[in-house]
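> Next up, run29.pdb (PDB, C-alpha atoms and all ligand atoms).
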ATOM      1  CA  MET L   1     -29.154  -0.295 -39.593
ATOM      2  CA  GLU L   2     -30.858   0.041 -42.915
ATOM      3  CA  THR L   3     -34.652  -0.104 -42.835
ATOM      4  CA  PHE L   4     -36.113  -2.412 -45.417
ATOM      5  CA  ARG L   5     -39.331  -1.954 -47.321
ATOM      6  CA  ARG L   6     -42.381  -3.398 -45.615
ATOM      7  CA  ASP L   7     -43.470  -5.823 -48.379
ATOM      8  CA  PHE L   8     -39.977  -7.386 -48.329
ATOM      9  CA  VAL L   9     -40.063  -7.769 -44.548
ATOM     10  CA  GLU L  10     -43.494  -9.431 -44.784
ATOM     11  CA  VAL L  11     -42.188 -11.970 -47.306
ATOM     12  CA  LEU L  12     -39.112 -12.668 -45.151
ATOM     13  CA  LYS L  13     -41.331 -13.333 -42.164
ATOM     14  CA  GLU L  14     -43.332 -16.064 -43.934
ATOM     15  CA  ALA L  15     -40.678 -17.539 -46.224
ATOM     16  CA  GLU L  16     -39.609 -21.172 -45.881
ATOM     17  CA  ASN L  17     -37.672 -21.815 -49.081
ATOM     18  CA  VAL L  18     -34.995 -19.303 -49.898
ATOM     19  CA  VAL L  19     -32.605 -19.299 -52.847
ATOM     20  CA  PHE L  20     -29.494 -17.183 -53.310
ATOM     21  CA  PHE L  21     -28.367 -16.938 -56.927
ATOM     22  CA  THR L  22     -24.858 -15.511 -56.905
ATOM     23  CA  GLY L  23     -22.219 -14.200 -59.279
ATOM     24  CA  ALA L  24     -18.713 -12.788 -59.250
ATOM     25  CA  GLY L  25     -19.790  -9.646 -57.361
ATOM     26  CA  ILE L  26     -20.341 -11.602 -54.140
ATOM     27  CA  SER L  27     -16.659 -12.522 -54.088
ATOM     28  CA  ALA L  28     -15.394  -9.041 -55.013
ATOM     29  CA  GLU L  29     -15.028  -8.123 -51.328
ATOM     30  CA  SER L  30     -12.874 -11.233 -50.880
ATOM     31  CA  GLY L  31     -10.439  -9.698 -53.357
ATOM     32  CA  ILE L  32     -11.471 -11.736 -56.396
ATOM     33  CA  SER L  33     -12.002  -9.620 -59.483
ATOM     34  CA  THR L  34     -15.320  -9.615 -61.296
ATOM     35  CA  PHE L  35     -15.565 -10.174 -65.034
ATOM     36  CA  ARG L  36     -17.778  -7.265 -65.978
ATOM     37  CA  GLY L  37     -19.157  -4.166 -64.275
ATOM     38  CA  THR L  38     -17.261  -1.030 -63.329
ATOM     39  CA  ASP L  39     -14.511  -2.788 -61.392
ATOM     40  CA  GLY L  40     -14.234  -5.851 -63.612
ATOM     41  CA  ILE L  41     -10.553  -6.265 -64.430
ATOM     42  CA  TRP L  42     -11.371  -8.517 -67.326
ATOM     43  CA  ASN L  43     -12.798  -5.515 -69.164
ATOM     44  CA  LYS L  44      -9.738  -5.539 -71.390
ATOM     45  CA  LEU L  45      -9.514  -9.292 -71.494
ATOM     46  CA  LYS L  46     -12.873 -10.710 -72.514
ATOM     47  CA  PRO L  47     -13.687 -13.915 -70.612
ATOM     48  CA  GLU L  48     -15.353 -15.183 -73.784
ATOM     49  CA  GLU L  49     -11.942 -15.161 -75.492
ATOM     50  CA  LEU L  50     -10.041 -17.255 -72.921
ATOM     51  CA  ALA L  51     -12.839 -19.314 -71.441
ATOM     52  CA  ASN L  52     -13.535 -21.479 -74.451
ATOM     53  CA  PHE L  53     -12.319 -24.800 -75.754
ATOM     54  CA  ASP L  54     -10.847 -23.497 -79.023
ATOM     55  CA  ALA L  55      -8.711 -20.968 -77.154
ATOM     56  CA  PHE L  56      -7.461 -23.813 -74.954
ATOM     57  CA  LEU L  57      -6.570 -26.039 -77.917
ATOM     58  CA  LYS L  58      -4.845 -23.175 -79.692
ATOM     59  CA  ASN L  59      -2.796 -22.062 -76.723
ATOM     60  CA  PRO L  60      -3.247 -24.389 -73.735
ATOM     61  CA  ASP L  61      -0.406 -22.856 -71.705
ATOM     62  CA  ARG L  62      -1.897 -19.366 -71.953
ATOM     63  CA  VAL L  63      -5.336 -20.461 -70.802
ATOM     64  CA  TRP L  64      -3.814 -22.665 -68.069
ATOM     65  CA  GLU L  65      -1.696 -19.749 -66.849
ATOM     66  CA  TRP L  66      -4.789 -17.552 -66.567
ATOM     67  CA  TYR L  67      -6.458 -20.158 -64.377
ATOM     68  CA  GLN L  68      -3.301 -20.661 -62.273
ATOM     69  CA  TYR L  69      -3.192 -16.911 -61.681
ATOM     70  CA  ARG L  70      -6.822 -16.947 -60.538
ATOM     71  CA  ARG L  71      -6.231 -20.080 -58.400
ATOM     72  CA  HIS L  72      -3.438 -18.315 -56.514
ATOM     73  CA  ILE L  73      -5.747 -15.402 -55.734
ATOM     74  CA  ILE L  74      -8.609 -17.696 -54.714
ATOM     75  CA  ASP L  75      -6.307 -19.812 -52.504
ATOM     76  CA  ARG L  76      -5.304 -16.735 -50.557
ATOM     77  CA  SER L  77      -8.831 -15.354 -50.231
ATOM     78  CA  LYS L  78     -11.499 -16.137 -47.693
ATOM     79  CA  PRO L  79     -15.294 -15.920 -47.470
ATOM     80  CA  ASN L  80     -16.517 -12.373 -46.766
ATOM     81  CA  PRO L  81     -19.512 -11.142 -44.702
ATOM     82  CA  ALA L  82     -21.858 -11.758 -47.670
ATOM     83  CA  HIS L  83     -20.965 -15.473 -47.927
ATOM     84  CA  LEU L  84     -21.126 -15.783 -44.142
ATOM     85  CA  ALA L  85     -24.526 -14.064 -43.915
ATOM     86  CA  ILE L  86     -25.946 -16.527 -46.454
ATOM     87  CA  ALA L  87     -24.567 -19.455 -44.455
ATOM     88  CA  GLY L  88     -26.085 -17.902 -41.307
ATOM     89  CA  MET L  89     -29.553 -17.904 -42.907
ATOM     90  CA  GLN L  90     -29.533 -21.716 -42.757
ATOM     91  CA  GLU L  91     -30.360 -21.517 -39.064
ATOM     92  CA  LEU L  92     -33.389 -19.298 -39.733
ATOM     93  CA  PHE L  93     -35.214 -20.726 -42.749
ATOM     94  CA  ARG L  94     -36.401 -24.256 -43.501
ATOM     95  CA  ASN L  95     -34.434 -24.514 -46.769
ATOM     96  CA  VAL L  96     -31.624 -22.346 -48.005
ATOM     97  CA  THR L  97     -30.166 -23.154 -51.415
ATOM     98  CA  VAL L  98     -27.217 -21.453 -53.051
ATOM     99  CA  VAL L  99     -27.058 -21.495 -56.841
ATOM    100  CA  THR L 100     -23.746 -20.017 -57.889
ATOM    101  CA  GLN L 101     -22.042 -19.122 -61.144
ATOM    102  CA  ASN L 102     -18.781 -18.792 -59.240
ATOM    103  CA  VAL L 103     -16.017 -21.361 -59.414
ATOM    104  CA  ASP L 104     -14.207 -20.216 -56.242
ATOM    105  CA  ASN L 105     -15.710 -22.542 -53.601
ATOM    106  CA  LEU L 106     -16.234 -19.676 -51.149
ATOM    107  CA  HIS L 107     -19.865 -20.543 -50.350
ATOM    108  CA  ARG L 108     -18.868 -24.006 -49.138
ATOM    109  CA  ARG L 109     -15.931 -22.599 -47.231
ATOM    110  CA  ALA L 110     -18.372 -20.201 -45.529
ATOM    111  CA  GLY L 111     -20.476 -23.164 -44.384
ATOM    112  CA  SER L 112     -23.314 -23.253 -46.909
ATOM    113  CA  ARG L 113     -24.477 -26.852 -47.205
ATOM    114  CA  THR L 114     -26.622 -26.921 -50.342
ATOM    115  CA  VAL L 115     -24.584 -25.334 -53.122
ATOM    116  CA  TYR L 116     -25.191 -25.926 -56.826
ATOM    117  CA  GLU L 117     -22.302 -24.873 -59.031
ATOM    118  CA  LEU L 118     -23.494 -23.995 -62.511
ATOM    119  CA  HIS L 119     -20.079 -23.202 -63.994
ATOM    120  CA  GLY L 120     -17.868 -25.802 -62.305
ATOM    121  CA  ASN L 121     -15.111 -25.465 -59.732
ATOM    122  CA  ILE L 122     -11.578 -24.179 -60.191
ATOM    123  CA  GLU L 123     -10.215 -26.687 -57.647
ATOM    124  CA  ARG L 124     -10.918 -29.569 -60.015
ATOM    125  CA  ASN L 125      -9.355 -30.576 -63.354
ATOM    126  CA  TYR L 126      -9.792 -33.413 -65.810
ATOM    127  CA  CYS L 127      -8.160 -34.928 -68.888
ATOM    128  CA  ILE L 128      -9.822 -33.804 -72.114
ATOM    129  CA  GLU L 129      -9.184 -37.226 -73.728
ATOM    130  CA  CYS L 130     -10.046 -39.859 -71.092
ATOM    131  CA  ARG L 131     -11.778 -37.625 -68.487
ATOM    132  CA  THR L 132      -9.564 -38.809 -65.584
ATOM    133  CA  PRO L 133     -10.092 -36.276 -62.762
ATOM    134  CA  TYR L 134      -7.082 -34.480 -61.236
ATOM    135  CA  ASN L 135      -8.238 -32.685 -58.132
ATOM    136  CA  SER L 136      -5.235 -32.476 -55.827
ATOM    137  CA  PRO L 137      -3.806 -28.961 -55.474
ATOM    138  CA  GLU L 138      -0.229 -30.219 -56.041
ATOM    139  CA  PHE L 139      -1.231 -31.382 -59.469
ATOM    140  CA  ALA L 140      -2.165 -27.873 -60.530
ATOM    141  CA  SER L 141       1.038 -26.276 -59.312
ATOM    142  CA  ASP L 142       2.808 -25.658 -62.608
ATOM    143  CA  ASP L 143       2.304 -22.751 -64.978
ATOM    144  CA  LYS L 144       2.513 -25.090 -67.936
ATOM    145  CA  VAL L 145      -0.524 -27.165 -68.749
ATOM    146  CA  PRO L 146      -0.150 -30.648 -67.212
ATOM    147  CA  ARG L 147      -0.544 -33.886 -69.145
ATOM    148  CA  CYS L 148      -2.681 -36.843 -68.148
ATOM    149  CA  GLU L 149      -0.777 -39.621 -66.376
ATOM    150  CA  ASN L 150      -2.877 -42.273 -68.114
ATOM    151  CA  CYS L 151      -3.024 -41.136 -71.706
ATOM    152  CA  GLY L 152      -0.858 -38.030 -72.119
ATOM    153  CA  GLY L 153      -3.886 -35.866 -72.970
ATOM    154  CA  LEU L 154      -4.155 -32.203 -71.984
ATOM    155  CA  VAL L 155      -5.613 -31.523 -68.554
ATOM    156  CA  ARG L 156      -8.133 -28.693 -68.274
ATOM    157  CA  PRO L 157      -9.916 -26.977 -65.389
ATOM    158  CA  ASP L 158     -13.349 -28.430 -64.579
ATOM    159  CA  ILE L 159     -15.084 -25.231 -65.562
ATOM    160  CA  VAL L 160     -17.934 -24.636 -67.983
ATOM    161  CA  TRP L 161     -16.587 -22.634 -70.883
ATOM    162  CA  PHE L 162     -18.597 -20.627 -73.401
ATOM    163  CA  GLY L 163     -20.393 -22.893 -75.827
ATOM    164  CA  GLU L 164     -20.370 -25.799 -73.347
ATOM    165  CA  MET L 165     -23.287 -27.434 -71.580
ATOM    166  CA  LEU L 166     -23.878 -26.776 -67.884
ATOM    167  CA  PRO L 167     -23.688 -29.754 -65.474
ATOM    168  CA  GLU L 168     -27.091 -31.326 -65.946
ATOM    169  CA  GLU L 169     -27.778 -32.354 -62.371
ATOM    170  CA  ASP L 170     -26.797 -29.071 -60.758
ATOM    171  CA  PHE L 171     -28.814 -27.158 -63.337
ATOM    172  CA  SER L 172     -31.974 -29.193 -62.925
ATOM    173  CA  LEU L 173     -31.732 -29.106 -59.117
ATOM    174  CA  SER L 174     -31.320 -25.323 -59.398
ATOM    175  CA  GLU L 175     -34.443 -25.120 -61.554
ATOM    176  CA  GLU L 176     -36.371 -27.152 -58.995
ATOM    177  CA  ALA L 177     -35.214 -24.912 -56.169
ATOM    178  CA  ALA L 178     -36.179 -21.830 -58.191
ATOM    179  CA  GLU L 179     -39.609 -23.256 -58.922
ATOM    180  CA  LYS L 180     -40.473 -23.890 -55.301
ATOM    181  CA  CYS L 181     -38.841 -20.959 -53.545
ATOM    182  CA  ASP L 182     -40.750 -18.192 -51.796
ATOM    183  CA  ILE L 183     -37.982 -15.662 -52.206
ATOM    184  CA  MET L 184     -35.016 -15.484 -54.574
ATOM    185  CA  PHE L 185     -32.034 -13.209 -54.062
ATOM    186  CA  SER L 186     -29.894 -12.418 -57.107
ATOM    187  CA  VAL L 187     -26.580 -11.203 -55.704
ATOM    188  CA  GLY L 188     -23.575  -9.668 -57.483
ATOM    189  CA  THR L 189     -24.306 -10.852 -60.970
ATOM    190  CA  SER L 190     -24.623  -8.876 -64.178
ATOM    191  CA  SER L 191     -27.295 -11.398 -65.284
ATOM    192  CA  VAL L 192     -26.023 -11.626 -68.854
ATOM    193  CA  VAL L 193     -24.675 -15.176 -69.072
ATOM    194  CA  TYR L 194     -27.233 -17.791 -70.110
ATOM    195  CA  PRO L 195     -28.672 -20.276 -69.325
ATOM    196  CA  ALA L 196     -27.699 -19.459 -65.700
ATOM    197  CA  ALA L 197     -29.524 -16.113 -65.870
ATOM    198  CA  ARG L 198     -32.781 -18.012 -66.422
ATOM    199  CA  ILE L 199     -32.810 -19.165 -62.772
ATOM    200  CA  PRO L 200     -34.075 -15.906 -61.199
ATOM    201  CA  LEU L 201     -36.480 -15.397 -64.117
ATOM    202  CA  LEU L 202     -37.962 -18.823 -63.499
ATOM    203  CA  ALA L 203     -38.465 -18.116 -59.803
ATOM    204  CA  LYS L 204     -40.169 -14.825 -60.573
ATOM    205  CA  ARG L 205     -42.432 -16.410 -63.181
ATOM    206  CA  LEU L 206     -43.582 -19.008 -60.665
ATOM    207  CA  GLY L 207     -44.466 -16.408 -58.086
ATOM    208  CA  ALA L 208     -41.373 -15.941 -55.915
ATOM    209  CA  TYR L 209     -40.495 -12.526 -54.572
ATOM    210  CA  LEU L 210     -37.343 -11.421 -56.420
ATOM    211  CA  VAL L 211     -34.689  -9.327 -54.695
ATOM    212  CA  GLU L 212     -31.587  -7.999 -56.416
ATOM    213  CA  VAL L 213     -28.420  -6.991 -54.559
ATOM    214  CA  ASN L 214     -25.835  -5.226 -56.716
ATOM    215  CA  LEU L 215     -23.636  -2.136 -56.888
ATOM    216  CA  GLU L 216     -25.620  -1.003 -59.898
ATOM    217  CA  GLU L 217     -28.796  -1.778 -61.815
ATOM    218  CA  THR L 218     -28.675  -4.679 -64.288
ATOM    219  CA  GLU L 219     -30.884  -6.199 -66.956
ATOM    220  CA  LEU L 220     -32.688  -7.999 -64.151
ATOM    221  CA  SER L 221     -33.577  -4.862 -62.173
ATOM    222  CA  PRO L 222     -36.808  -3.993 -64.038
ATOM    223  CA  LEU L 223     -38.166  -7.456 -63.155
ATOM    224  CA  ALA L 224     -37.158  -7.439 -59.505
ATOM    225  CA  ASP L 225     -39.649  -6.722 -56.730
ATOM    226  CA  TYR L 226     -36.956  -5.016 -54.703
ATOM    227  CA  VAL L 227     -33.562  -3.703 -55.806
ATOM    228  CA  LEU L 228     -30.976  -3.086 -53.102
ATOM    229  CA  ILE L 229     -28.076  -1.037 -54.412
ATOM    230  CA  GLY L 230     -24.805  -1.420 -52.509
ATOM    231  CA  LYS L 231     -22.160  -3.903 -51.449
ATOM    232  CA  ALA L 232     -23.307  -7.463 -50.869
ATOM    233  CA  GLY L 233     -20.978  -7.642 -47.842
ATOM    234  CA  GLU L 234     -22.888  -4.795 -46.224
ATOM    235  CA  ILE L 235     -26.447  -5.490 -47.378
ATOM    236  CA  LEU L 236     -26.671  -9.239 -46.665
ATOM    237  CA  PRO L 237     -25.498  -9.022 -43.037
ATOM    238  CA  GLY L 238     -28.217  -6.370 -42.616
ATOM    239  CA  VAL L 239     -30.795  -8.767 -44.072
ATOM    240  CA  LEU L 240     -29.567 -11.498 -41.701
ATOM    241  CA  GLU L 241     -30.025  -9.167 -38.709
ATOM    242  CA  GLU L 242     -33.543  -8.323 -39.897
ATOM    243  CA  VAL L 243     -34.469 -12.022 -40.179
ATOM    244  CA  LYS L 244     -33.063 -12.740 -36.704
ATOM    245  CA  LYS L 245     -35.203  -9.935 -35.325
ATOM    246  CA  LEU L 246     -38.309 -11.229 -37.123
ATOM    247  CA  LYS L 247     -37.767 -14.738 -35.795
ATOM    248  CA  GLY L 248     -37.088 -13.515 -32.276
ATOM    249  CA  LYS L 249     -33.484 -14.639 -32.415
ATOM    250  CA  GLY L 250     -31.853 -11.239 -32.593
TER     251      GLY L 250
HETATM  252  C1  LIG D 301     -24.397 -22.698 -73.316
HETATM  253  C2  LIG D 301     -16.342 -19.809 -66.716
HETATM  254  C3  LIG D 301     -25.437 -24.323 -74.695
HETATM  255  C4  LIG D 301     -15.076 -19.207 -66.916
HETATM  256  C5  LIG D 301     -18.230 -18.649 -67.433
HETATM  257  C6  LIG D 301     -26.128 -14.602 -77.400
HETATM  258  C7  LIG D 301     -27.274 -14.412 -76.655
HETATM  259  C8  LIG D 301     -27.552 -15.230 -75.579
HETATM  260  C9  LIG D 301     -26.699 -16.241 -75.227
HETATM  261  C10 LIG D 301     -25.562 -16.418 -75.954
HETATM  262  C11 LIG D 301     -25.282 -15.625 -77.038
HETATM  263  N1  LIG D 301     -24.109 -16.012 -77.550
HETATM  264  C12 LIG D 301     -23.638 -17.054 -76.820
HETATM  265  C13 LIG D 301     -24.517 -17.308 -75.852
HETATM  266  C14 LIG D 301     -24.429 -18.327 -74.847
HETATM  267  C15 LIG D 301     -23.416 -18.001 -73.791
HETATM  268  C16 LIG D 301     -23.740 -16.652 -73.188
HETATM  269  O1  LIG D 301     -24.573 -16.530 -72.319
HETATM  270  N2  LIG D 301     -23.051 -15.612 -73.629
HETATM  271  C17 LIG D 301     -23.324 -14.256 -73.196
HETATM  272  C18 LIG D 301     -22.080 -13.639 -72.619
HETATM  273  C19 LIG D 301     -23.864 -13.493 -74.360
HETATM  274  N3  LIG D 301     -23.515 -19.055 -72.827
HETATM  275  C20 LIG D 301     -22.851 -20.198 -72.932
HETATM  276  O2  LIG D 301     -22.062 -20.409 -73.822
HETATM  277  C21 LIG D 301     -23.171 -21.243 -71.899
HETATM  278  N4  LIG D 301     -23.398 -22.498 -72.467
HETATM  279  O3  LIG D 301     -25.147 -21.832 -73.699
HETATM  280  O4  LIG D 301     -24.518 -24.023 -73.697
HETATM  281  C22 LIG D 301     -24.693 -24.499 -75.964
HETATM  282  C23 LIG D 301     -23.946 -25.622 -76.161
HETATM  283  C24 LIG D 301     -23.279 -25.808 -77.361
HETATM  284  C25 LIG D 301     -23.335 -24.819 -78.340
HETATM  285  C26 LIG D 301     -24.072 -23.678 -78.107
HETATM  286  C27 LIG D 301     -24.766 -23.523 -76.905
HETATM  287  C28 LIG D 301     -21.993 -21.440 -70.969
HETATM  288  C29 LIG D 301     -21.717 -20.206 -70.216
HETATM  289  C30 LIG D 301     -20.622 -20.473 -69.206
HETATM  290  C31 LIG D 301     -19.706 -19.365 -69.173
HETATM  291  N5  LIG D 301     -18.718 -19.592 -68.155
HETATM  292  N6  LIG D 301     -17.262 -18.825 -66.659
HETATM  293  C32 LIG D 301     -14.346 -18.928 -65.703
HETATM  294  O5  LIG D 301     -14.862 -18.685 -64.631
HETATM  295  O6  LIG D 301     -13.155 -18.930 -65.911
HETATM  296  S1  LIG D 301     -18.868 -17.103 -67.572
HETATM  297  C33 LIG D 301     -18.487 -15.917 -66.469
HETATM  298  O7  LIG D 301     -19.672 -15.165 -66.415
HETATM  299  C34 LIG D 301     -18.201 -16.150 -65.037
HETATM  300  O8  LIG D 301     -17.549 -17.293 -64.749
HETATM  301  C35 LIG D 301     -19.515 -16.118 -64.334
HETATM  302  O9  LIG D 301     -19.837 -17.405 -63.923
HETATM  303  C36 LIG D 301     -20.478 -15.654 -65.391
HETATM  304  C37 LIG D 301     -21.415 -14.606 -64.971
HETATM  305  O10 LIG D 301     -20.749 -13.450 -64.591
HETATM  306  P1  LIG D 301     -21.172 -12.759 -63.247
HETATM  307  O11 LIG D 301     -20.992 -13.725 -62.179
HETATM  308  O12 LIG D 301     -22.507 -12.159 -63.430
HETATM  309  O13 LIG D 301     -20.066 -11.654 -63.076
HETATM  310  P2  LIG D 301     -19.891 -10.245 -63.766
HETATM  311  O14 LIG D 301     -18.470  -9.886 -63.637
HETATM  312  O15 LIG D 301     -20.487 -10.218 -65.104
HETATM  313  O16 LIG D 301     -20.750  -9.229 -62.903
HETATM  314  C38 LIG D 301     -20.405  -8.882 -61.591
HETATM  315  C39 LIG D 301     -21.549  -8.097 -61.022
HETATM  316  O17 LIG D 301     -21.316  -7.898 -59.636
HETATM  317  C40 LIG D 301     -21.699  -6.714 -61.626
HETATM  318  O18 LIG D 301     -23.069  -6.524 -61.938
HETATM  319  C41 LIG D 301     -21.255  -5.761 -60.517
HETATM  320  O19 LIG D 301     -21.966  -4.550 -60.522
HETATM  321  C42 LIG D 301     -21.573  -6.551 -59.297
HETATM  322  N7  LIG D 301     -20.740  -6.270 -58.099
HETATM  323  C43 LIG D 301     -19.417  -6.014 -58.058
HETATM  324  N8  LIG D 301     -18.999  -5.883 -56.772
HETATM  325  C44 LIG D 301     -20.097  -6.064 -55.997
HETATM  326  C45 LIG D 301     -21.209  -6.300 -56.834
HETATM  327  N9  LIG D 301     -22.441  -6.497 -56.346
HETATM  328  C46 LIG D 301     -22.588  -6.474 -55.005
HETATM  329  N10 LIG D 301     -21.567  -6.264 -54.121
HETATM  330  C47 LIG D 301     -20.305  -6.035 -54.583
HETATM  331  N11 LIG D 301     -19.301  -5.819 -53.710
HETATM  332 ZN    ZN D 302      -6.187 -38.966 -70.073
END
Could you express the structure from this file as structure tokens?

Amino acid sequence: METFRRDFVEVLKEAENVVFFTGAGISAESGISTFRGTDGIWNKLKPEELANFDAFLKNPDRVWEWYQYRRHIIDRSKPNPAHLAIAGMQELFRNVTVVTQNVDNLHRRAGSRTVYELHGNIERNYCIECRTPYNSPEFASDDKVPRCENCGGLVRPDIVWFGEMLPEEDFSLSEEAAEKCDIMFSVGTSSVVYPAARIPLLAKRLGAYLVEVNLEETELSPLADYVLIGKAGEILPGVLEEVKKLKGKG
């Protein structure tokens, strides 16, 4: 097993409030492509170009089809050892909070109980005119964009697109968690999309120990106290084992 640096182990031993800030990279080992980074399949297809309201109005079927394609992949995928390790930490620390930019629901499926979703959830949809929610999977089973049963309006995925506000409650609860945490892990995110990327910065500014887990260095790395380079699905189970050992539960 990997040996971790001593200052990190000391912080783990004392920590009560732990936050995991996650991005697409944590789901890569579940077979869900990332947006950016070396393996990001959207390198040719910029998410900024499809994930915005104007693109949807201009060509709703195209944007809907992109989300249907991703839904099919997400439906067939399952939580990987990284999601499961985070859920396992709940038994070892007083508070474990997950703040995710992902829309794939894999943290909840892994058993994490406190999950704030900053960019929405691909399992939900709503009418752009009257806001009626459409959350049953059967509803989203066509490749053509569905119409609202009440008003005939276009139905869109409940996802935060570029230029749109983040869900206020989830964002402010995430800020609170960041402000009071002892240790913040930033896992599998390129840390370029704002305002989400402010969450680890806030934690660091208020004194938390900041750990980054990623295949490569990012814009966040120079600010992190500890950078662990490698796969989240290998590193986080190692961290879980270390915590179990520290707490005498190994
Ligand atoms: C807003 C939904 C206010 C779509 C997403 C110029 C400067 C600064 C900011 C801006 C700017 N111009 C515009 C902005 C604002 C903009 C922004 O931040 N743009 C950036 C790109 C420049 N932000 C917004 O528009 C936000 N709203 O600001 O509102 C406002 C209101 C009105 C008018 C104006 C402003 C809304 C942003 C929401 C975007 N929504 N997604 C969908 O999912 O379909 S973004 C998209 O990026 C993803 O969904 C994801 O949530 C997010 C972040 O990506 P990551 O998760 O970090 O993933 P990425 O692929 O980038 O990286 C993967 C990482 O994993 C890599 O580092 C890789 O190395 C690593 N990795 C891979 N495998 C592994 C691994 N690590 C470990 N283990 C592995 N196995
Ligand atoms: Zn409607």
> Given only C-alpha atoms as the basis, pick out the residue of L:Val145, L:Met165, L:Cys127, L:Ala208 nearest to Ile183 of chain L.
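That would be L:Ala208, the residue with the smallest distance to Ile183 of chain L.
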> Kindly provide, as a PyMOL selection string, all nucleotide and amino acid residues lying within 6 Å of ligand LIG 301 (chain D), counting all atoms listed in the file.
chain L and resi 23-26+28-29+34-37+40+51+101-103+119+159-165+188-195+213-216+231-232
> Given the selection you just returned, output its residues as a file containing C-alpha atoms, formatted as a tab-separated table (two decimals), in the coordinates of the input.

chain	number	residue	atom	x	y	z
L	23	GLY	CA	-22.22	-14.20	-59.28
L	24	ALA	CA	-18.71	-12.79	-59.25
L	25	GLY	CA	-19.79	-9.65	-57.36
L	26	ILE	CA	-20.34	-11.60	-54.14
L	28	ALA	CA	-15.39	-9.04	-55.01
L	29	GLU	CA	-15.03	-8.12	-51.33
L	34	THR	CA	-15.32	-9.62	-61.30
L	35	PHE	CA	-15.56	-10.17	-65.03
L	36	ARG	CA	-17.78	-7.26	-65.98
L	37	GLY	CA	-19.16	-4.17	-64.28
L	40	GLY	CA	-14.23	-5.85	-63.61
L	51	ALA	CA	-12.84	-19.31	-71.44
L	101	GLN	CA	-22.04	-19.12	-61.14
L	102	ASN	CA	-18.78	-18.79	-59.24
L	103	VAL	CA	-16.02	-21.36	-59.41
L	119	HIS	CA	-20.08	-23.20	-63.99
L	159	ILE	CA	-15.08	-25.23	-65.56
L	160	VAL	CA	-17.93	-24.64	-67.98
L	161	TRP	CA	-16.59	-22.63	-70.88
L	162	PHE	CA	-18.60	-20.63	-73.40
L	163	GLY	CA	-20.39	-22.89	-75.83
L	164	GLU	CA	-20.37	-25.80	-73.35
L	165	MET	CA	-23.29	-27.43	-71.58
L	188	GLY	CA	-23.58	-9.67	-57.48
L	189	THR	CA	-24.31	-10.85	-60.97
L	190	SER	CA	-24.62	-8.88	-64.18
L	191	SER	CA	-27.30	-11.40	-65.28
L	192	VAL	CA	-26.02	-11.63	-68.85
L	193	VAL	CA	-24.68	-15.18	-69.07
L	194	TYR	CA	-27.23	-17.79	-70.11
L	195	PRO	CA	-28.67	-20.28	-69.32
L	213	VAL	CA	-28.42	-6.99	-54.56
L	214	ASN	CA	-25.84	-5.23	-56.72
L	215	LEU	CA	-23.64	-2.14	-56.89
L	216	GLU	CA	-25.62	-1.00	-59.90
L	231	LYS	CA	-22.16	-3.90	-51.45
L	232	ALA	CA	-23.31	-7.46	-50.87
> With only C-alpha atoms as the basis for distance, which of L:Arg76, L:Arg113, L:Lys13, L:Lys180 is at the shortest distance from Gly88 of chain L?
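For Gly88 of chain L, the nearest of the given residues is L:Arg113.
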> Please identify all protein, DNA and RNA residues within 12 Å of ligand ZN 302 (chain D), counting only C-alpha atoms and all ligand atoms, and report them as a compact mmCIF listing (two decimals) with C-alpha atoms, in the frame of the given file.

# COMPACT_ATOMS: atom_id res chain seq x y z
CA ASN L 125 -9.36 -30.58 -63.35
CA TYR L 126 -9.79 -33.41 -65.81
CA CYS L 127 -8.16 -34.93 -68.89
CA ILE L 128 -9.82 -33.80 -72.11
CA GLU L 129 -9.18 -37.23 -73.73
CA CYS L 130 -10.05 -39.86 -71.09
CA ARG L 131 -11.78 -37.62 -68.49
CA THR L 132 -9.56 -38.81 -65.58
CA PRO L 133 -10.09 -36.28 -62.76
CA TYR L 134 -7.08 -34.48 -61.24
CA PRO L 146 -0.15 -30.65 -67.21
CA ARG L 147 -0.54 -33.89 -69.14
CA CYS L 148 -2.68 -36.84 -68.15
CA GLU L 149 -0.78 -39.62 -66.38
CA ASN L 150 -2.88 -42.27 -68.11
CA CYS L 151 -3.02 -41.14 -71.71
CA GLY L 152 -0.86 -38.03 -72.12
CA GLY L 153 -3.89 -35.87 -72.97
CA LEU L 154 -4.16 -32.20 -71.98
CA VAL L 155 -5.61 -31.52 -68.55
CA ARG L 156 -8.13 -28.69 -68.27
> The PyMOL selection byres (((chain L and resi 176) around 12) and not hetatm) on the file shown: which residues, as a list in words?
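That expression, the PyMOL selection byres (((chain L and resi 176) around 12) and not hetatm), corresponds here to Asn17, Val19, Thr97, Val99, Tyr116, Glu169, Asp170, Phe171, Ser172, Leu173, Ser174, Glu175, Ala177, Ala178, Glu179, Lys180, Cys181, Ile199, Pro200, Leu202, Ala203 and Leu206 of chain L.
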> Here is a test: counting all atoms listed in the file, which residue of L:Lys244, L:Arg205, L:Lys144, L:Lys78 is nearest to Ile32 of chain L?
L:Lys78
> When you count only C-alpha atoms, which of these residues is closest to Met89 of chain L: L:Asn135, L:Thr218, L:Ser112, L:Asn52?
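Using only C-alpha atoms, the shortest distance to Met89 of chain L belongs to L:Ser112.
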> Rounded to one decimal, what separation in Å do you get between atom CA of Arg198 of chain L and atom CA of Ser77 of chain L?
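Separation of atom CA of Arg198 of chain L and atom CA of Ser77 of chain L: 29.0 Å.
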> On this file, the PyMOL selection byres (((chain L and resi 226) around 8) and not hetatm) gives some set of residues; write that set as a PyMOL selection string.
chain L and resi 8+210-212+224-225+227-228
> Check the smallest atom-to-atom distance from each of L:Asp158, L:Glu14, L:Asp61, L:Glu48 to Leu118 of chain L using all atoms listed in the file, then report the winner.
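Result for the nearest residue to Leu118 of chain L: L:Asp158.
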